[in-house]
$ cat final_20.txt   # compact mmCIF, C-alpha atoms
# COMPACT_ATOMS: atom_id res chain seq x y z
CA MET X 1 -81.67 221.88 -71.47
CA PRO X 2 -83.92 220.02 -69.02
CA SER X 3 -83.87 216.24 -69.30
CA LYS X 4 -86.80 214.49 -70.92
CA GLN X 5 -87.55 212.82 -67.58
CA SER X 6 -87.81 216.15 -65.76
CA GLU X 7 -90.50 217.32 -68.20
CA ALA X 8 -92.93 215.06 -66.33
CA VAL X 9 -92.81 217.52 -63.43
CA LYS X 10 -93.74 220.38 -65.75
CA ARG X 11 -96.65 218.40 -67.18
CA HIS X 12 -97.83 217.59 -63.66
CA TRP X 13 -97.88 221.26 -62.68
CA ALA X 14 -99.56 222.31 -65.92
CA ALA X 15 -102.37 219.84 -65.22
CA ALA X 16 -102.60 221.04 -61.61
CA ARG X 17 -102.90 224.66 -62.74
CA LEU X 18 -105.71 223.80 -65.13
CA ALA X 19 -107.58 222.07 -62.31
CA PHE X 20 -106.96 225.02 -59.96
CA GLU X 21 -108.25 227.53 -62.49
CA ARG X 22 -111.40 225.47 -63.17
CA PRO X 23 -113.06 225.16 -59.75
CA GLU X 24 -116.23 223.91 -61.41
CA ALA X 25 -114.41 220.78 -62.58
CA GLU X 26 -114.71 217.59 -60.59
CA ARG X 27 -111.93 217.36 -58.04
CA PRO X 28 -109.97 214.12 -57.63
CA ASP X 29 -110.21 212.48 -54.24
CA THR X 30 -107.22 212.61 -51.93
CA GLU X 31 -106.06 209.08 -52.69
CA SER X 32 -106.04 209.55 -56.48
CA ALA X 33 -104.38 212.96 -56.16
CA ASP X 34 -101.64 211.41 -54.02
CA ASP X 35 -101.17 208.65 -56.60
CA ALA X 36 -100.80 211.22 -59.39
CA TRP X 37 -98.26 213.23 -57.41
CA GLY X 38 -96.37 210.25 -56.08
CA GLY X 39 -96.24 208.76 -59.57
CA LEU X 40 -93.56 211.32 -60.45
CA THR X 41 -91.12 209.52 -58.16
CA ALA X 42 -89.51 206.12 -58.70
CA GLU X 43 -89.79 203.64 -55.86
CA PRO X 44 -86.48 203.68 -53.95
CA ARG X 45 -85.18 200.15 -53.54
CA GLY X 46 -84.18 198.93 -50.12
CA VAL X 47 -86.50 201.25 -48.18
CA ASP X 48 -89.18 199.89 -45.85
CA TYR X 49 -92.18 201.89 -44.63
CA LEU X 50 -93.92 201.60 -41.30
CA GLU X 51 -96.97 203.65 -40.36
CA THR X 52 -97.14 204.96 -36.82
CA ASP X 53 -98.69 207.59 -34.57
CA ALA X 54 -96.46 210.58 -33.80
CA GLY X 55 -97.78 212.84 -31.09
CA GLY X 56 -101.35 212.08 -32.09
CA LEU X 57 -100.78 212.60 -35.83
CA PRO X 58 -100.59 209.98 -38.60
CA ALA X 59 -96.98 209.37 -39.60
CA MET X 60 -94.75 206.98 -41.48
CA TRP X 61 -91.18 205.84 -41.00
CA ALA X 62 -89.08 205.40 -44.14
CA VAL X 63 -86.26 203.05 -43.12
CA PRO X 64 -83.47 202.38 -45.64
CA LYS X 65 -81.59 199.13 -45.24
CA GLY X 66 -78.55 199.62 -43.03
CA SER X 67 -79.47 203.18 -42.07
CA ALA X 68 -78.38 204.83 -38.83
CA GLU X 69 -81.20 204.39 -36.32
CA ASP X 70 -80.28 207.36 -34.14
CA ARG X 71 -80.30 209.96 -36.94
CA VAL X 72 -83.60 211.17 -38.40
CA LEU X 73 -84.90 213.42 -41.16
CA LEU X 74 -88.17 215.02 -40.06
CA CYS X 75 -90.06 215.48 -43.33
CA MET X 76 -92.80 218.05 -44.01
CA HIS X 77 -94.76 217.53 -47.22
CA GLY X 78 -95.85 220.28 -49.59
CA GLY X 79 -99.23 220.92 -51.17
CA GLY X 80 -100.04 224.57 -50.44
CA PHE X 81 -101.38 223.57 -47.00
CA VAL X 82 -104.47 222.27 -48.83
CA GLY X 83 -103.16 218.94 -50.18
CA GLY X 84 -100.35 216.45 -50.16
CA SER X 85 -99.70 213.76 -47.58
CA MET X 86 -97.12 211.33 -46.28
CA TYR X 87 -98.25 209.00 -49.08
CA SER X 88 -97.71 211.49 -51.91
CA HIS X 89 -94.21 212.30 -50.66
CA ARG X 90 -92.98 209.06 -49.11
CA LYS X 91 -90.88 208.04 -52.12
CA MET X 92 -89.12 211.38 -52.52
CA PHE X 93 -88.24 211.49 -48.84
CA GLY X 94 -87.34 207.81 -49.05
CA HIS X 95 -84.73 208.65 -51.71
CA LEU X 96 -83.30 211.39 -49.53
CA ALA X 97 -83.21 209.13 -46.46
CA LYS X 98 -81.54 206.32 -48.41
CA THR X 99 -78.89 208.59 -49.93
CA THR X 100 -78.21 210.14 -46.54
CA GLY X 101 -78.18 206.79 -44.74
CA VAL X 102 -80.72 207.68 -42.04
CA ARG X 103 -84.37 207.10 -41.16
CA ALA X 104 -87.04 209.59 -42.21
CA LEU X 105 -90.24 210.40 -40.34
CA ILE X 106 -92.99 211.73 -42.63
CA PHE X 107 -96.24 212.97 -41.09
CA ASP X 108 -99.64 214.39 -41.95
CA TYR X 109 -100.51 217.79 -40.50
CA ARG X 110 -104.01 219.24 -40.53
CA LEU X 111 -104.98 220.97 -43.78
CA ALA X 112 -106.84 224.16 -44.65
CA LEU X 113 -109.76 225.01 -45.22
CA GLU X 114 -110.81 223.03 -42.19
CA HIS X 115 -107.79 224.07 -40.13
CA LEU X 116 -106.31 227.53 -40.52
CA HIS X 117 -102.83 228.70 -39.57
CA PRO X 118 -101.21 228.12 -37.07
CA ALA X 119 -102.60 224.56 -36.93
CA GLN X 120 -99.92 223.31 -39.33
CA VAL X 121 -96.93 224.75 -37.48
CA ASP X 122 -98.37 223.54 -34.18
CA ASP X 123 -98.78 220.02 -35.58
CA ALA X 124 -95.22 219.98 -36.91
CA THR X 125 -93.92 221.18 -33.55
CA ALA X 126 -95.89 218.45 -31.76
CA VAL X 127 -94.32 215.79 -33.98
CA TYR X 128 -90.86 217.25 -33.33
CA ARG X 129 -91.49 217.15 -29.58
CA TRP X 130 -92.65 213.54 -29.90
CA LEU X 131 -89.47 212.66 -31.80
CA LEU X 132 -87.34 214.20 -29.06
CA ASP X 133 -89.35 212.26 -26.49
CA GLN X 134 -88.38 209.03 -28.29
CA GLY X 135 -84.80 209.70 -27.26
CA ILE X 136 -83.53 211.15 -30.54
CA SER X 137 -81.14 214.00 -29.80
CA ALA X 138 -81.85 217.35 -31.49
CA ASP X 139 -78.35 217.38 -32.95
CA HIS X 140 -79.18 214.09 -34.68
CA ILE X 141 -82.30 215.53 -36.39
CA ALA X 142 -82.55 217.52 -39.63
CA PHE X 143 -85.75 219.11 -40.92
CA THR X 144 -86.64 218.90 -44.60
CA GLY X 145 -89.69 219.73 -46.68
CA ASP X 146 -90.89 221.05 -50.00
CA SER X 147 -92.96 224.10 -50.97
CA ALA X 148 -95.38 224.79 -48.09
CA GLY X 149 -93.45 222.15 -46.18
CA GLY X 150 -90.27 224.04 -46.99
CA GLY X 151 -91.63 227.11 -45.26
CA LEU X 152 -92.80 224.91 -42.39
CA VAL X 153 -89.22 223.69 -42.01
CA ILE X 154 -88.30 227.21 -40.87
CA THR X 155 -91.44 228.22 -38.96
CA THR X 156 -91.48 224.98 -36.95
CA GLN X 157 -88.06 225.90 -35.61
CA LEU X 158 -89.42 229.30 -34.56
CA ARG X 159 -92.36 227.67 -32.74
CA ALA X 160 -90.03 225.11 -31.16
CA ARG X 161 -87.78 227.92 -29.93
CA GLU X 162 -90.81 229.71 -28.44
CA ARG X 163 -91.63 226.55 -26.50
CA GLY X 164 -88.12 226.02 -25.20
CA LEU X 165 -87.27 223.03 -27.37
CA PRO X 166 -83.71 222.50 -28.67
CA LEU X 167 -83.31 223.26 -32.37
CA PRO X 168 -82.39 220.63 -34.97
CA ALA X 169 -78.89 220.22 -36.35
CA ALA X 170 -79.78 221.47 -39.83
CA SER X 171 -82.64 222.09 -42.24
CA MET X 172 -83.18 221.52 -45.97
CA PRO X 173 -86.10 223.37 -47.61
CA PHE X 174 -86.90 222.45 -51.22
CA SER X 175 -88.56 225.29 -53.21
CA PRO X 176 -89.74 226.91 -49.96
CA TRP X 177 -92.94 228.95 -50.03
CA VAL X 178 -92.41 231.67 -47.44
CA ASP X 179 -93.56 234.99 -48.94
CA MET X 180 -97.24 235.29 -48.03
CA GLU X 181 -97.40 238.70 -49.72
CA ALA X 182 -96.21 237.41 -53.12
CA LEU X 183 -93.82 240.34 -53.57
CA GLY X 184 -90.87 238.64 -55.26
CA GLU X 185 -89.63 239.99 -58.59
CA SER X 186 -89.58 236.42 -59.95
CA TYR X 187 -93.39 236.50 -60.01
CA ARG X 188 -92.89 238.74 -63.03
CA THR X 189 -89.66 237.43 -64.54
CA ASN X 190 -90.68 233.75 -64.38
CA ARG X 191 -94.38 234.26 -65.03
CA ASP X 192 -94.24 232.53 -68.43
CA ARG X 193 -91.84 229.78 -67.30
CA ASP X 194 -93.58 228.46 -64.18
CA ALA X 195 -96.10 225.79 -65.14
CA PHE X 196 -98.30 226.23 -62.05
CA PHE X 197 -97.69 229.19 -59.78
CA SER X 198 -98.70 232.77 -60.42
CA THR X 199 -99.48 235.75 -58.23
CA ASP X 200 -103.20 234.93 -58.33
CA VAL X 201 -102.67 231.25 -57.49
CA VAL X 202 -100.41 232.05 -54.54
CA ARG X 203 -102.66 234.77 -53.14
CA GLY X 204 -105.59 232.38 -53.43
CA LEU X 205 -103.70 229.80 -51.39
CA VAL X 206 -102.69 232.46 -48.86
CA GLY X 207 -106.36 233.31 -48.33
CA ILE X 208 -107.21 229.66 -47.73
CA PHE X 209 -104.25 229.13 -45.39
CA LEU X 210 -104.55 232.28 -43.28
CA GLY X 211 -108.31 232.80 -43.48
CA GLU X 212 -110.18 236.07 -43.52
CA GLY X 213 -108.24 238.71 -41.65
CA GLY X 214 -105.10 236.58 -41.41
CA ASP X 215 -101.79 238.42 -41.25
CA PRO X 216 -99.44 237.69 -44.19
CA ARG X 217 -96.59 239.14 -42.12
CA ASP X 218 -97.07 236.79 -39.17
CA PRO X 219 -93.54 235.41 -38.63
CA LEU X 220 -94.93 231.92 -38.00
CA ALA X 221 -96.46 232.01 -41.49
CA ASN X 222 -93.94 234.26 -43.24
CA PRO X 223 -90.43 233.77 -41.81
CA LEU X 224 -89.15 236.70 -43.85
CA TYR X 225 -90.47 238.74 -40.89
CA ALA X 226 -88.99 236.46 -38.24
CA ASP X 227 -85.82 236.62 -36.19
CA LEU X 228 -83.84 233.70 -37.60
CA SER X 229 -80.79 234.16 -35.41
CA GLY X 230 -79.65 230.97 -33.70
CA LEU X 231 -80.99 228.59 -36.33
CA GLY X 232 -78.70 225.80 -37.44
CA PRO X 233 -77.26 225.51 -40.96
CA VAL X 234 -79.76 225.73 -43.83
CA HIS X 235 -79.44 224.36 -47.38
CA ILE X 236 -82.08 225.72 -49.77
CA GLN X 237 -82.77 224.31 -53.24
CA VAL X 238 -84.98 225.92 -55.86
CA GLY X 239 -85.73 225.63 -59.58
CA GLY X 240 -84.60 228.45 -61.81
CA ASP X 241 -87.96 228.67 -63.63
CA GLU X 242 -90.11 229.02 -60.51
CA VAL X 243 -92.02 232.17 -59.63
CA LEU X 244 -91.05 231.21 -56.07
CA LEU X 245 -87.38 231.64 -56.96
CA ASP X 246 -87.27 234.90 -55.02
CA ASP X 247 -88.86 233.22 -51.98
CA ALA X 248 -85.70 231.12 -51.81
CA ARG X 249 -83.40 234.04 -52.55
CA ARG X 250 -85.02 236.30 -49.97
CA LEU X 251 -85.03 233.55 -47.35
CA GLU X 252 -81.31 232.97 -47.98
CA GLU X 253 -80.58 236.70 -47.67
CA HIS X 254 -82.69 237.08 -44.52
CA ALA X 255 -81.05 234.07 -42.88
CA ARG X 256 -77.55 235.24 -43.80
CA LYS X 257 -78.19 238.68 -42.29
CA ALA X 258 -79.25 236.91 -39.08
CA GLY X 259 -75.92 235.11 -38.93
CA VAL X 260 -77.20 231.73 -40.09
CA ASP X 261 -74.90 229.43 -42.08
CA VAL X 262 -77.00 229.20 -45.24
CA ARG X 263 -76.48 227.81 -48.73
CA LEU X 264 -78.69 228.45 -51.77
CA GLN X 265 -78.56 226.10 -54.75
CA VAL X 266 -80.46 227.15 -57.90
CA PHE X 267 -81.08 224.52 -60.60
CA PRO X 268 -81.46 226.24 -64.00
CA GLU X 269 -84.64 225.58 -65.99
CA MET X 270 -86.18 223.44 -63.26
CA GLN X 271 -89.77 223.66 -62.06
CA HIS X 272 -91.16 223.84 -58.54
CA THR X 273 -90.23 220.79 -56.40
CA PHE X 274 -88.49 219.10 -59.32
CA GLN X 275 -86.97 216.73 -56.74
CA MET X 276 -90.24 214.81 -56.92
CA ALA X 277 -88.78 213.14 -60.03
CA ALA X 278 -86.13 211.39 -57.91
CA GLY X 279 -85.10 208.06 -59.36
CA ARG X 280 -86.24 209.15 -62.83
CA ALA X 281 -84.73 212.56 -63.69
CA PRO X 282 -80.98 213.21 -63.41
CA GLU X 283 -81.56 216.74 -62.10
CA ALA X 284 -83.64 215.41 -59.22
CA ASP X 285 -81.08 212.75 -58.38
CA GLU X 286 -78.30 215.36 -58.44
CA ALA X 287 -80.30 217.55 -56.06
CA ILE X 288 -80.97 214.66 -53.67
CA ARG X 289 -77.28 213.72 -53.64
CA ALA X 290 -76.27 217.33 -52.96
CA MET X 291 -78.64 217.55 -50.00
CA ALA X 292 -77.49 214.22 -48.60
CA ASP X 293 -73.80 215.05 -48.97
CA TRP X 294 -74.37 218.38 -47.24
CA VAL X 295 -76.40 217.08 -44.30
CA ARG X 296 -74.42 213.97 -43.40
CA PRO X 297 -71.63 215.81 -41.57
CA LYS X 298 -74.21 218.07 -39.92
CA LEU X 299 -75.65 214.89 -38.37
CA GLY X 300 -72.23 213.59 -37.40
CA LEU X 301 -72.06 211.01 -40.17

$ encode --input "final_20.txt" --output "structure tokens"
Amino acid sequence: MPSKQSEAVKRHWAAARLAFERPEAERPDTESADDAWGGLTAEPRGVDYLETDAGGLPAMWAVPKGSAEDRVLLCMHGGGFVGGSMYSHRKMFGHLAKTTGVRALIFDYRLALEHLHPAQVDDATAVYRWLLDQGISADHIAFTGDSAGGGLVITTQLRARERGLPLPAASMPFSPWVDMEALGESYRTNRDRDAFFSTDVVRGLVGIFLGEGGDPRDPLANPLYADLSGLGPVHIQVGGDEVLLDDARRLEEHARKAGVDVRLQVFPEMQHTFQMAAGRAPEADEAIRAMADWVRPKLGL
């Protein structure tokens, strides 16, 4: 049975779905939306934050006390490519950085509607290039992200490979959104369990992200159609009650067939991006610890 603390994530998504399905309702501004989302996460103690500019994009360092300065988590926030920010996600990524013992760089990429795909993957690649230019070795960098950011974790590596950049040591997508066609069987089997996502919600977000005439099979948007060979180790986490459960399963299968060292961890009865309850819910803390334990040796720690 899910912990009482994890139920806050379900309530958050239920409220978000109501707002999504009532477009006539007044929308919260970005700052208040970030506060509502970030309120799911406890403040990690012993983590300092420093805003910066990373390749021309707003960014923030999360620096745990005593962390390794030459190892970095490059963090890509979720929000369906229409919301979220470094502020909404700083605490969750701060927990992961602290547990891993490294710095985290969280950044804001351009959002749809104003900026259609591939603006987001190009922004993420620019930040990665900037990080390399700061003297951080690729084998000392791991990518991580949730939901849309989880998909971006994979597609940024594809764009980086196109541009001749070295690939990171490892990647950790949380509840990755990768299937732009919404074909997974879990859309049906988890329809009544997922508090937010549905086929209609996802296809609506796809339309906003790709724009009219956009290709849902573009490998830089949908890595299920990409050549994933040569990518470093991948650790995927997903909630068992998500309609995006099959996004994670299919990504794991596709990566494994390409020869990638990939691990899939399913948390029963958990909602989408349940890790946002880090510091409050035991399931989220367990997930964060599992990711940190897995990635440390990949970074040479």

$ atom_distance --input "final_20.txt" --atom1 "atom CA of X:Ile141" --atom2 "atom CA of X:Leu251"
21.3 Å

$ closest_atom_pairs --input "final_20.txt" --of "stretch 14-87 of chain X" --to "stretch 280-298 of chain X" --cutoff "10 Å" --atoms "all atoms listed in the file" --output "JSON lines"
{"residue": "X:Leu40", "atom": "CA", "partner": "X:Arg280", "partner_atom": "CA", "distance": 8.0}
{"residue": "X:Thr41", "atom": "CA", "partner": "X:Arg280", "partner_atom": "CA", "distance": 6.8}
{"residue": "X:Ala42", "atom": "CA", "partner": "X:Arg280", "partner_atom": "CA", "distance": 6.1}
{"residue": "X:Glu43", "atom": "CA", "partner": "X:Arg280", "partner_atom": "CA", "distance": 9.6}
{"residue": "X:Arg71", "atom": "CA", "partner": "X:Arg296", "partner_atom": "CA", "distance": 9.6}
{"residue": "X:Leu73", "atom": "CA", "partner": "X:Val295", "partner_atom": "CA", "distance": 9.8}

$ residues_around --input "final_20.txt" --residues "X:Leu158" --least-positions-apart "2" --cutoff "9 Å" --atoms "all atoms listed in the file" --output "NGL selection string"
:X and (154-156 or 160-163 or 167 or 219-220 or 223 or 226-228 or 231)

$ write_last_selection --input "final_20.txt" --atoms "C-alpha atoms" --output "PDB file, in the coordinates of the input"
ATOM      1  CA  ILE X 154     -88.300 227.210 -40.870  1.00  0.00           C
ATOM      2  CA  THR X 155     -91.440 228.220 -38.960  1.00  0.00           C
ATOM      3  CA  THR X 156     -91.480 224.980 -36.950  1.00  0.00           C
ATOM      4  CA  ALA X 160     -90.030 225.110 -31.160  1.00  0.00           C
ATOM      5  CA  ARG X 161     -87.780 227.920 -29.930  1.00  0.00           C
ATOM      6  CA  GLU X 162     -90.810 229.710 -28.440  1.00  0.00           C
ATOM      7  CA  ARG X 163     -91.630 226.550 -26.500  1.00  0.00           C
ATOM      8  CA  LEU X 167     -83.310 223.260 -32.370  1.00  0.00           C
ATOM      9  CA  PRO X 219     -93.540 235.410 -38.630  1.00  0.00           C
ATOM     10  CA  LEU X 220     -94.930 231.920 -38.000  1.00  0.00           C
ATOM     11  CA  PRO X 223     -90.430 233.770 -41.810  1.00  0.00           C
ATOM     12  CA  ALA X 226     -88.990 236.460 -38.240  1.00  0.00           C
ATOM     13  CA  ASP X 227     -85.820 236.620 -36.190  1.00  0.00           C
ATOM     14  CA  LEU X 228     -83.840 233.700 -37.600  1.00  0.00           C
ATOM     15  CA  LEU X 231     -80.990 228.590 -36.330  1.00  0.00           C
TER      16      LEU X 231
END

$ residues_around --input "final_20.txt" --residues "X:Ser198" --least-positions-apart "5" --cutoff "12 Å" --atoms "all atoms listed in the file" --output "list in words"
Trp13, Ala14, Arg17, Phe20, Glu21, Ala182, Leu183, Gly184, Glu185, Ser186, Tyr187, Arg188, Thr189, Asn190, Arg191, Asp192, Arg193, Arg203, Gly204, Leu205, Asp241, Glu242, Val243, Leu244, Leu245 and His272 of chain X

$ closest_residue --input "final_20.txt" --among "X:Gly79, X:Ser229, X:Val201, X:Trp177" --to "X:Arg22" --atoms "all atoms listed in the file"
X:Val201

$ atom_distance --input "final_20.txt" --atom1 "atom CA of X:Leu116" --atom2 "atom CA of X:Ala221"
10.9 Å

$ atom_distance --input "final_20.txt" --atom1 "atom CA of X:Tyr87" --atom2 "atom CA of X:Glu69"
21.8 Å

$ residues_around --input "final_20.txt" --residues "X:Trp61" --least-positions-apart "2" --cutoff "6 Å" --atoms "all atoms listed in the file" --output "MDAnalysis selection string"
chainID X and resid 49:50 104:105

$ closest_residue --input "final_20.txt" --among "X:Val202, X:Ala124, X:Met76, X:Leu264" --to "X:Thr144" --atoms "only C-alpha atoms"
X:Met76

$ build_atoms --input "final_20.txt" --residues "stretch 61-84 of chain X" --atoms "N, CA, C and O atoms" --output "mmCIF file, in the coordinates of the input"
data_model
loop_
_atom_site.group_PDB
_atom_site.id
_atom_site.type_symbol
_atom_site.label_atom_id
_atom_site.label_comp_id
_atom_site.auth_asym_id
_atom_site.auth_seq_id
_atom_site.Cartn_x
_atom_site.Cartn_y
_atom_site.Cartn_z
ATOM 1 N N TRP X 61 -92.638 205.953 -40.966
ATOM 2 C CA TRP X 61 -91.180 205.840 -41.000
ATOM 3 C C TRP X 61 -90.766 205.315 -42.365
ATOM 4 O O TRP X 61 -91.330 204.334 -42.868
ATOM 5 N N ALA X 62 -89.774 205.949 -42.974
ATOM 6 C CA ALA X 62 -89.080 205.400 -44.140
ATOM 7 C C ALA X 62 -87.714 204.946 -43.635
ATOM 8 O O ALA X 62 -86.930 205.766 -43.136
ATOM 9 N N VAL X 63 -87.456 203.638 -43.747
ATOM 10 C CA VAL X 63 -86.260 203.050 -43.120
ATOM 11 C C VAL X 63 -85.418 202.364 -44.198
ATOM 12 O O VAL X 63 -85.714 201.234 -44.600
ATOM 13 N N PRO X 64 -84.363 203.028 -44.671
ATOM 14 C CA PRO X 64 -83.470 202.380 -45.640
ATOM 15 C C PRO X 64 -82.685 201.245 -44.982
ATOM 16 O O PRO X 64 -82.367 201.301 -43.790
ATOM 17 N N LYS X 65 -82.385 200.238 -45.743
ATOM 18 C CA LYS X 65 -81.590 199.130 -45.240
ATOM 19 C C LYS X 65 -80.230 199.647 -44.756
ATOM 20 O O LYS X 65 -79.553 200.407 -45.447
ATOM 21 N N GLY X 66 -79.849 199.243 -43.556
ATOM 22 C CA GLY X 66 -78.550 199.620 -43.030
ATOM 23 C C GLY X 66 -78.421 201.066 -42.589
ATOM 24 O O GLY X 66 -77.305 201.536 -42.342
ATOM 25 N N SER X 67 -79.529 201.762 -42.442
ATOM 26 C CA SER X 67 -79.470 203.180 -42.070
ATOM 27 C C SER X 67 -79.174 203.343 -40.580
ATOM 28 O O SER X 67 -79.447 202.447 -39.767
ATOM 29 N N ALA X 68 -78.621 204.503 -40.233
ATOM 30 C CA ALA X 68 -78.380 204.830 -38.830
ATOM 31 C C ALA X 68 -79.710 205.008 -38.119
ATOM 32 O O ALA X 68 -80.565 205.773 -38.577
ATOM 33 N N GLU X 69 -79.910 204.327 -37.005
ATOM 34 C CA GLU X 69 -81.200 204.390 -36.320
ATOM 35 C C GLU X 69 -81.334 205.607 -35.423
ATOM 36 O O GLU X 69 -82.454 205.972 -35.047
ATOM 37 N N ASP X 70 -80.215 206.234 -35.066
ATOM 38 C CA ASP X 70 -80.280 207.360 -34.140
ATOM 39 C C ASP X 70 -80.157 208.715 -34.838
ATOM 40 O O ASP X 70 -79.960 209.734 -34.199
ATOM 41 N N ARG X 71 -80.254 208.721 -36.174
ATOM 42 C CA ARG X 71 -80.300 209.960 -36.940
ATOM 43 C C ARG X 71 -81.595 209.965 -37.746
ATOM 44 O O ARG X 71 -81.982 208.947 -38.322
ATOM 45 N N VAL X 72 -82.266 211.124 -37.798
ATOM 46 C CA VAL X 72 -83.600 211.170 -38.400
ATOM 47 C C VAL X 72 -83.772 212.445 -39.234
ATOM 48 O O VAL X 72 -83.377 213.541 -38.811
ATOM 49 N N LEU X 73 -84.386 212.288 -40.395
ATOM 50 C CA LEU X 73 -84.900 213.420 -41.160
ATOM 51 C C LEU X 73 -86.378 213.579 -40.817
ATOM 52 O O LEU X 73 -87.157 212.634 -40.990
ATOM 53 N N LEU X 74 -86.763 214.739 -40.311
ATOM 54 C CA LEU X 74 -88.170 215.020 -40.060
ATOM 55 C C LEU X 74 -88.713 215.743 -41.285
ATOM 56 O O LEU X 74 -88.287 216.850 -41.619
ATOM 57 N N CYS X 75 -89.663 215.083 -41.976
ATOM 58 C CA CYS X 75 -90.060 215.480 -43.330
ATOM 59 C C CYS X 75 -91.458 216.099 -43.345
ATOM 60 O O CYS X 75 -92.420 215.509 -42.836
ATOM 61 N N MET X 76 -91.558 217.274 -43.983
ATOM 62 C CA MET X 76 -92.800 218.050 -44.010
ATOM 63 C C MET X 76 -93.236 218.221 -45.469
ATOM 64 O O MET X 76 -92.595 218.932 -46.244
ATOM 65 N N HIS X 77 -94.326 217.564 -45.823
ATOM 66 C CA HIS X 77 -94.760 217.530 -47.220
ATOM 67 C C HIS X 77 -95.332 218.866 -47.672
ATOM 68 O O HIS X 77 -95.852 219.659 -46.884
ATOM 69 N N GLY X 78 -95.245 219.102 -48.989
ATOM 70 C CA GLY X 78 -95.850 220.280 -49.590
ATOM 71 C C GLY X 78 -97.277 220.010 -50.032
ATOM 72 O O GLY X 78 -97.842 218.940 -49.796
ATOM 73 N N GLY X 79 -97.854 221.012 -50.696
ATOM 74 C CA GLY X 79 -99.230 220.920 -51.170
ATOM 75 C C GLY X 79 -100.029 222.162 -50.874
ATOM 76 O O GLY X 79 -101.262 222.123 -50.867
ATOM 77 N N GLY X 80 -99.339 223.300 -50.650
ATOM 78 C CA GLY X 80 -100.040 224.570 -50.440
ATOM 79 C C GLY X 80 -100.865 224.619 -49.175
ATOM 80 O O GLY X 80 -101.754 225.466 -49.061
ATOM 81 N N PHE X 81 -100.616 223.710 -48.240
ATOM 82 C CA PHE X 81 -101.380 223.570 -47.000
ATOM 83 C C PHE X 81 -102.815 223.109 -47.258
ATOM 84 O O PHE X 81 -103.622 223.064 -46.333
ATOM 85 N N VAL X 82 -103.130 222.750 -48.513
ATOM 86 C CA VAL X 82 -104.470 222.270 -48.830
ATOM 87 C C VAL X 82 -104.442 220.835 -49.369
ATOM 88 O O VAL X 82 -105.492 220.228 -49.582
ATOM 89 N N GLY X 83 -103.264 220.286 -49.621
ATOM 90 C CA GLY X 83 -103.160 218.940 -50.180
ATOM 91 C C GLY X 83 -101.821 218.326 -49.839
ATOM 92 O O GLY X 83 -101.040 218.875 -49.071
ATOM 93 N N GLY X 84 -101.553 217.185 -50.467
ATOM 94 C CA GLY X 84 -100.350 216.450 -50.160
ATOM 95 C C GLY X 84 -100.503 215.620 -48.903
ATOM 96 O O GLY X 84 -101.410 215.844 -48.094
#
